file data.pdb (PDB, C-alpha atoms)
ATOM      1  CA  ALA S  13     -14.644  -1.587 -60.269
ATOM      2  CA  ARG S  14     -16.220   1.130 -58.158
ATOM      3  CA  ARG S  15     -19.324   1.133 -60.325
ATOM      4  CA  GLN S  16     -19.588  -2.645 -60.012
ATOM      5  CA  ALA S  17     -19.299  -2.381 -56.234
ATOM      6  CA  LYS S  18     -22.033   0.245 -56.229
ATOM      7  CA  VAL S  19     -24.338  -1.935 -58.334
ATOM      8  CA  ARG S  20     -23.639  -4.903 -56.053
ATOM      9  CA  SER S  21     -24.310  -2.952 -52.852
ATOM     10  CA  GLY S  22     -27.415  -1.448 -54.447
ATOM     11  CA  GLY S  23     -28.692  -4.941 -55.197
ATOM     12  CA  ARG S  24     -27.983  -6.037 -51.641
ATOM     13  CA  LEU S  25     -29.856  -3.049 -50.235
ATOM     14  CA  THR S  26     -32.811  -3.646 -52.537
ATOM     15  CA  SER S  27     -33.005  -7.323 -51.629
ATOM     16  CA  LEU S  28     -32.840  -6.387 -47.943
ATOM     17  CA  GLN S  29     -35.593  -3.798 -48.479
ATOM     18  CA  GLU S  30     -37.795  -6.440 -50.111
ATOM     19  CA  ALA S  31     -37.129  -9.068 -47.439
ATOM     20  CA  LEU S  32     -37.987  -6.579 -44.671
ATOM     21  CA  GLU S  33     -40.917  -5.023 -46.561
ATOM     22  CA  MET S  34     -39.439  -1.527 -46.227
ATOM     23  CA  PRO S  35     -40.733   1.339 -48.373
ATOM     24  CA  GLU S  36     -37.188   2.332 -49.428
ATOM     25  CA  PRO S  37     -33.796   0.611 -49.444
ATOM     26  CA  PRO S  38     -32.061   1.295 -46.087
ATOM     27  CA  THR S  39     -29.482   3.989 -46.828
ATOM     28  CA  ARG S  40     -28.019   4.168 -43.322
ATOM     29  CA  ILE S  41     -27.731   1.044 -41.184
ATOM     30  CA  GLU S  42     -26.340   1.071 -37.640
ATOM     31  CA  CYS S  43     -25.315  -2.128 -35.861
ATOM     32  CA  PHE S  44     -24.736  -2.565 -32.113
ATOM     33  CA  ASP S  45     -22.616  -5.183 -30.406
ATOM     34  CA  ILE S  46     -21.943  -5.663 -26.683
ATOM     35  CA  SER S  47     -18.585  -7.098 -25.650
ATOM     36  CA  HIS S  48     -16.567  -7.638 -22.510
ATOM     37  CA  THR S  49     -12.952  -7.051 -21.634
ATOM     38  CA  MET S  50     -11.988 -10.078 -19.580
ATOM     39  CA  GLY S  51     -15.260  -9.891 -17.693
ATOM     40  CA  GLU S  52     -14.310  -6.460 -16.396
ATOM     41  CA  GLY S  53     -15.454  -3.594 -18.522
ATOM     42  CA  THR S  54     -18.412  -3.783 -20.834
ATOM     43  CA  VAL S  55     -18.086  -1.968 -24.133
ATOM     44  CA  ALA S  56     -20.735  -1.384 -26.750
ATOM     45  CA  SER S  57     -19.711  -0.745 -30.307
ATOM     46  CA  CYS S  58     -21.726   0.793 -33.098
ATOM     47  CA  VAL S  59     -20.692   0.394 -36.727
ATOM     48  CA  VAL S  60     -22.357   2.221 -39.588
ATOM     49  CA  CYS S  61     -23.083   1.221 -43.163
ATOM     50  CA  VAL S  62     -24.081   3.942 -45.634
ATOM     51  CA  ASP S  63     -25.260   3.052 -49.138
ATOM     52  CA  GLY S  64     -24.001  -0.485 -48.658
ATOM     53  CA  ALA S  65     -20.446   0.493 -47.653
ATOM     54  CA  MET S  66     -18.957   0.600 -44.153
ATOM     55  CA  LYS S  67     -18.405   4.178 -42.962
ATOM     56  CA  LYS S  68     -15.573   3.933 -40.450
ATOM     57  CA  GLY S  69     -15.630   7.629 -39.575
ATOM     58  CA  ASP S  70     -19.050   7.158 -38.001
ATOM     59  CA  TYR S  71     -18.147   4.172 -35.819
ATOM     60  CA  ARG S  72     -18.569   4.711 -32.095
ATOM     61  CA  ARG S  73     -17.545   2.935 -28.934
ATOM     62  CA  PHE S  74     -19.386   3.370 -25.652
ATOM     63  CA  ASN S  75     -18.059   2.436 -22.227
ATOM     64  CA  ILE S  76     -20.956   1.003 -20.274
ATOM     65  CA  GLU S  77     -21.021   1.926 -16.624
ATOM     66  CA  GLY S  78     -23.171   1.354 -13.575
ATOM     67  CA  ILE S  79     -24.566  -2.019 -14.568
ATOM     68  CA  THR S  80     -24.171  -5.510 -13.134
ATOM     69  CA  PRO S  81     -21.208  -7.065 -14.986
ATOM     70  CA  GLY S  82     -22.463  -9.484 -17.589
ATOM     71  CA  ASP S  83     -25.933  -7.932 -17.830
ATOM     72  CA  ASP S  84     -25.992  -7.520 -21.590
ATOM     73  CA  TYR S  85     -29.612  -6.376 -21.569
ATOM     74  CA  ALA S  86     -28.749  -3.452 -19.306
ATOM     75  CA  ALA S  87     -25.715  -2.698 -21.476
ATOM     76  CA  MET S  88     -27.818  -2.693 -24.631
ATOM     77  CA  ARG S  89     -30.432  -0.511 -22.965
ATOM     78  CA  GLN S  90     -27.760   1.994 -21.927
ATOM     79  CA  VAL S  91     -26.019   2.264 -25.302
ATOM     80  CA  LEU S  92     -29.235   2.542 -27.289
ATOM     81  CA  THR S  93     -30.621   5.168 -24.918
ATOM     82  CA  ARG S  94     -27.417   7.198 -25.173
ATOM     83  CA  ARG S  95     -27.267   6.921 -28.958
ATOM     84  CA  TYR S  96     -30.935   7.467 -29.800
ATOM     85  CA  GLU S  97     -31.702  10.219 -27.286
ATOM     86  CA  LYS S  98     -29.788  12.373 -29.753
ATOM     87  CA  VAL S  99     -32.093  11.239 -32.548
ATOM     88  CA  ALA S 100     -35.168  11.870 -30.389
ATOM     89  CA  THR S 101     -34.046  15.448 -29.710
ATOM     90  CA  GLY S 102     -33.201  16.035 -33.375
ATOM     91  CA  GLU S 103     -29.445  16.418 -32.774
ATOM     92  CA  THR S 104     -28.545  13.554 -35.090
ATOM     93  CA  VAL S 105     -30.172  11.847 -38.021
ATOM     94  CA  ALA S 106     -32.059   8.577 -37.563
ATOM     95  CA  PRO S 107     -30.815   5.480 -39.371
ATOM     96  CA  ASP S 108     -33.119   3.598 -41.734
ATOM     97  CA  LEU S 109     -32.354   0.286 -40.065
ATOM     98  CA  ILE S 110     -30.810  -0.782 -36.755
ATOM     99  CA  LEU S 111     -29.187  -4.187 -36.336
ATOM    100  CA  ILE S 112     -28.977  -5.578 -32.823
ATOM    101  CA  ASP S 113     -26.460  -8.359 -32.399
ATOM    102  CA  GLY S 114     -28.410 -10.699 -30.168
ATOM    103  CA  GLY S 115     -31.620 -12.621 -30.249
ATOM    104  CA  LYS S 116     -35.163 -12.025 -29.199
ATOM    105  CA  GLY S 117     -34.322 -10.686 -25.721
ATOM    106  CA  GLN S 118     -31.813  -8.086 -26.886
ATOM    107  CA  HIS S 119     -34.177  -6.993 -29.625
ATOM    108  CA  ARG S 120     -37.055  -6.671 -27.163
ATOM    109  CA  VAL S 121     -34.907  -4.362 -25.000
ATOM    110  CA  ALA S 122     -34.128  -2.291 -28.090
ATOM    111  CA  ARG S 123     -37.803  -1.940 -28.944
ATOM    112  CA  GLU S 124     -38.555  -0.844 -25.358
ATOM    113  CA  VAL S 125     -35.903   1.868 -25.617
ATOM    114  CA  PHE S 126     -37.249   3.123 -28.963
ATOM    115  CA  ALA S 127     -40.783   3.198 -27.552
ATOM    116  CA  GLU S 128     -39.617   5.163 -24.487
ATOM    117  CA  LEU S 129     -37.870   7.692 -26.723
ATOM    118  CA  GLY S 130     -40.873   8.068 -29.036
ATOM    119  CA  LEU S 131     -38.944   6.392 -31.869
ATOM    120  CA  ASP S 132     -41.249   3.434 -32.355
ATOM    121  CA  HIS S 133     -41.175   4.005 -36.111
ATOM    122  CA  LEU S 134     -37.513   2.986 -36.371
ATOM    123  CA  ALA S 135     -36.986  -0.322 -38.169
ATOM    124  CA  SER S 136     -34.764  -2.838 -36.395
ATOM    125  CA  ILE S 137     -33.597  -6.428 -36.554
ATOM    126  CA  GLY S 138     -32.341  -8.715 -33.817
ATOM    127  CA  VAL S 139     -29.716 -10.995 -35.356
ATOM    128  CA  ALA S 140     -29.661 -14.251 -33.376
ATOM    129  CA  LYS S 141     -26.865 -16.764 -33.737
ATOM    130  CA  GLY S 142     -27.741 -19.962 -35.528
ATOM    131  CA  GLU S 143     -27.688 -23.406 -33.982
ATOM    132  CA  ASP S 144     -24.135 -24.139 -32.833
ATOM    133  CA  ARG S 145     -23.370 -20.533 -33.771
ATOM    134  CA  GLN S 146     -22.921 -21.539 -37.376
ATOM    135  CA  PRO S 147     -22.912 -18.610 -39.750
ATOM    136  CA  GLY S 148     -25.753 -18.781 -42.210
ATOM    137  CA  LEU S 149     -28.270 -20.114 -39.735
ATOM    138  CA  GLU S 150     -28.972 -16.779 -38.116
ATOM    139  CA  THR S 151     -32.545 -15.955 -37.266
ATOM    140  CA  LEU S 152     -33.727 -12.392 -37.805
ATOM    141  CA  PHE S 153     -36.299 -10.860 -35.482
ATOM    142  CA  VAL S 154     -37.723  -8.054 -37.564
ATOM    143  CA  HIS S 155     -39.600  -4.931 -36.528
ATOM    144  CA  GLY S 156     -40.390  -3.112 -39.729
ATOM    145  CA  PRO S 157     -41.987   0.253 -40.477
ATOM    146  CA  THR S 158     -45.444  -1.265 -40.015
ATOM    147  CA  GLY S 159     -44.650  -3.096 -36.788
ATOM    148  CA  PRO S 160     -43.199  -6.421 -35.709
ATOM    149  CA  HIS S 161     -43.162  -9.349 -38.113
ATOM    150  CA  GLU S 162     -45.025 -12.274 -36.590
ATOM    151  CA  VAL S 163     -42.564 -14.872 -37.794
ATOM    152  CA  PRO S 164     -38.777 -14.623 -37.423
ATOM    153  CA  LEU S 165     -37.054 -14.409 -40.782
ATOM    154  CA  GLN S 166     -34.419 -16.791 -42.063
ATOM    155  CA  LEU S 167     -32.881 -15.688 -45.322
ATOM    156  CA  GLY S 168     -30.932 -18.170 -47.401
ATOM    157  CA  MET S 169     -27.139 -18.286 -47.373
ATOM    158  CA  ASP S 170     -27.183 -16.947 -50.925
ATOM    159  CA  HIS S 171     -29.539 -14.039 -50.162
ATOM    160  CA  PRO S 172     -27.722 -10.772 -51.015
ATOM    161  CA  GLY S 173     -29.488  -8.860 -48.239
ATOM    162  CA  PHE S 174     -28.438 -11.512 -45.748
ATOM    163  CA  HIS S 175     -24.817 -11.192 -46.908
ATOM    164  CA  LEU S 176     -24.992  -7.507 -46.124
ATOM    165  CA  ILE S 177     -26.389  -8.163 -42.636
ATOM    166  CA  GLN S 178     -23.638 -10.723 -41.991
ATOM    167  CA  GLU S 179     -20.950  -8.367 -43.211
ATOM    168  CA  ILE S 180     -22.139  -5.518 -40.990
ATOM    169  CA  ARG S 181     -22.500  -7.826 -37.982
ATOM    170  CA  ASP S 182     -19.012  -9.283 -38.518
ATOM    171  CA  GLU S 183     -17.613  -5.772 -38.764
ATOM    172  CA  ALA S 184     -19.304  -4.863 -35.460
ATOM    173  CA  HIS S 185     -17.607  -7.887 -33.835
ATOM    174  CA  ARG S 186     -14.244  -6.969 -35.347
ATOM    175  CA  PHE S 187     -14.537  -3.361 -34.186
ATOM    176  CA  ALA S 188     -15.535  -4.494 -30.691
ATOM    177  CA  ILE S 189     -12.511  -6.779 -30.396
ATOM    178  CA  VAL S 190     -10.081  -4.185 -31.743
ATOM    179  CA  GLY S 191     -11.259  -1.896 -28.943
ATOM    180  CA  HIS S 192     -10.039  -4.337 -26.323
ATOM    181  CA  ARG S 193      -6.434  -4.524 -27.391
TER     182      ARG S 193
END
call {"tool": "encode", "arguments": {"input": "data.pdb", "output": "structure tokens"}}
result
Amino acid sequence: ARRQAKVRSGGRLTSLQEALEMPEPPTRIECFDISHTMGEGTVASCVVCVDGAMKKGDYRRFNIEGITPGDDYAAMRQVLTRRYEKVATGETVAPDLILIDGGKGQHRVAREVFAELGLDHLASIGVAKGEDRQPGLETLFVHGPTGPHEVPLQLGMDHPGFHLIQEIRDEAHRFAIVGHR
């Protein structure tokens, strides 16, 4: 069963690599989600997927402070700066792919942070909710190794790479909510 799971996750990573035009399958994927506790505190969560499997030991939660409540752009800017400063200084390893839960705006903020930190080479995707927030209609704003893709990507419901993105994003939501209890 373990071998089957490995083959399946390998296929998902390869199909994601192809869809995003990456030179290698993304071994380490980090996903960020901003959430609110009853409008009071803002918390950012980061979940990590390594070789297609969620790696709970690497999950992180960040309390966001000193921003206007409800300013998710400022929250995203703060968490990404805090997390990737450590990559910029060589303290921690860079992921192969970063998922940003949020649309074009959130992803633009992420790209600004990476540029400021000298990490423009990092590949990232903004995962925007579909119409009526229906799963399966998400739009992906992709910034690959060679730069931004001109056209937002929509992968089919049955696309293995898209399943992986959905799974990681759902896990980021779950982890964010658990943190509020």
call {"tool": "closest_atom_pairs", "arguments": {"input": "data.pdb", "of": "segment 58-149 of chain S", "to": "segment 169-190 of chain S", "cutoff": "12 Å", "atoms": "all atoms listed in the file", "output": "Markdown table"}}
result
| residue | atom | partner | partner_atom | distance |
| --- | --- | --- | --- | --- |
| S:Cys58 | CA | S:Ala184 | CA | 6.6 |
| S:Val59 | CA | S:Ala184 | CA | 5.6 |
| S:Val60 | CA | S:Ile180 | CA | 7.9 |
| S:Cys61 | CA | S:Ile180 | CA | 7.1 |
| S:Val62 | CA | S:Ile180 | CA | 10.7 |
| S:Asp63 | CA | S:Leu176 | CA | 11.0 |
| S:Gly64 | CA | S:Leu176 | CA | 7.5 |
| S:Ala65 | CA | S:Ile180 | CA | 9.1 |
| S:Met66 | CA | S:Ile180 | CA | 7.6 |
| S:Lys67 | CA | S:Ile180 | CA | 10.6 |
| S:Lys68 | CA | S:Phe187 | CA | 9.7 |
| S:Tyr71 | CA | S:Phe187 | CA | 8.5 |
| S:Arg72 | CA | S:Phe187 | CA | 9.3 |
| S:Arg73 | CA | S:Ala188 | CA | 7.9 |
| S:Phe74 | CA | S:Ala188 | CA | 10.1 |
| S:Asn75 | CA | S:Ala188 | CA | 11.2 |
| S:Leu109 | CA | S:Ile177 | CA | 10.7 |
| S:Ile110 | CA | S:Ile177 | CA | 10.4 |
| S:Leu111 | CA | S:Arg181 | CA | 7.8 |
| S:Ile112 | CA | S:Arg181 | CA | 8.6 |
| S:Asp113 | CA | S:Arg181 | CA | 6.9 |
| S:Gly114 | CA | S:Arg181 | CA | 10.2 |
| S:Ser136 | CA | S:Ile177 | CA | 11.7 |
| S:Ile137 | CA | S:Ile177 | CA | 9.6 |
| S:Gly138 | CA | S:Ile177 | CA | 10.7 |
| S:Val139 | CA | S:Arg181 | CA | 8.3 |
| S:Ala140 | CA | S:Arg181 | CA | 10.7 |
| S:Lys141 | CA | S:Gln178 | CA | 10.7 |
| S:Gly142 | CA | S:Met169 | CA | 12.0 |
| S:Gln146 | CA | S:Met169 | CA | 11.3 |
| S:Pro147 | CA | S:Gln178 | CA | 8.2 |
| S:Gly148 | CA | S:Met169 | CA | 5.4 |
| S:Leu149 | CA | S:Met169 | CA | 7.9 |
call {"tool": "resolve_selection", "arguments": {"input": "data.pdb", "expression": "the PyMOL selection byres ((chain S and resi 128) around 12)", "output": "JSON, numbers by chain"}}
result
{"S": [89, 92, 93, 96, 97, 100, 121, 122, 123, 124, 125, 126, 127, 129, 130, 131, 132, 133]}
call {"tool": "closest_residue", "arguments": {"input": "data.pdb", "among": "S:Thr101, S:Thr80, S:Gln29, S:Gln118", "to": "Asp45 of chain S", "atoms": "all atoms listed in the file"}}
result
S:Gln118
call {"tool": "atom_distance", "arguments": {"input": "data.pdb", "atom1": "atom CA of Pro160 of chain S", "atom2": "atom CA of Leu134 of chain S"}}
result
11.0 Å
call {"tool": "atom_distance", "arguments": {"input": "data.pdb", "atom1": "atom CA of His155 of chain S", "atom2": "atom CA of Leu32 of chain S"}}
result
8.5 Å
call {"tool": "residues_near_point", "arguments": {"input": "data.pdb", "point": "(-16.2, -2.7, -15.8)", "cutoff": "9 Å", "atoms": "all atoms listed in the file", "output": "ChimeraX atom specification"}}
result
/S:48-49,51-55,75-81
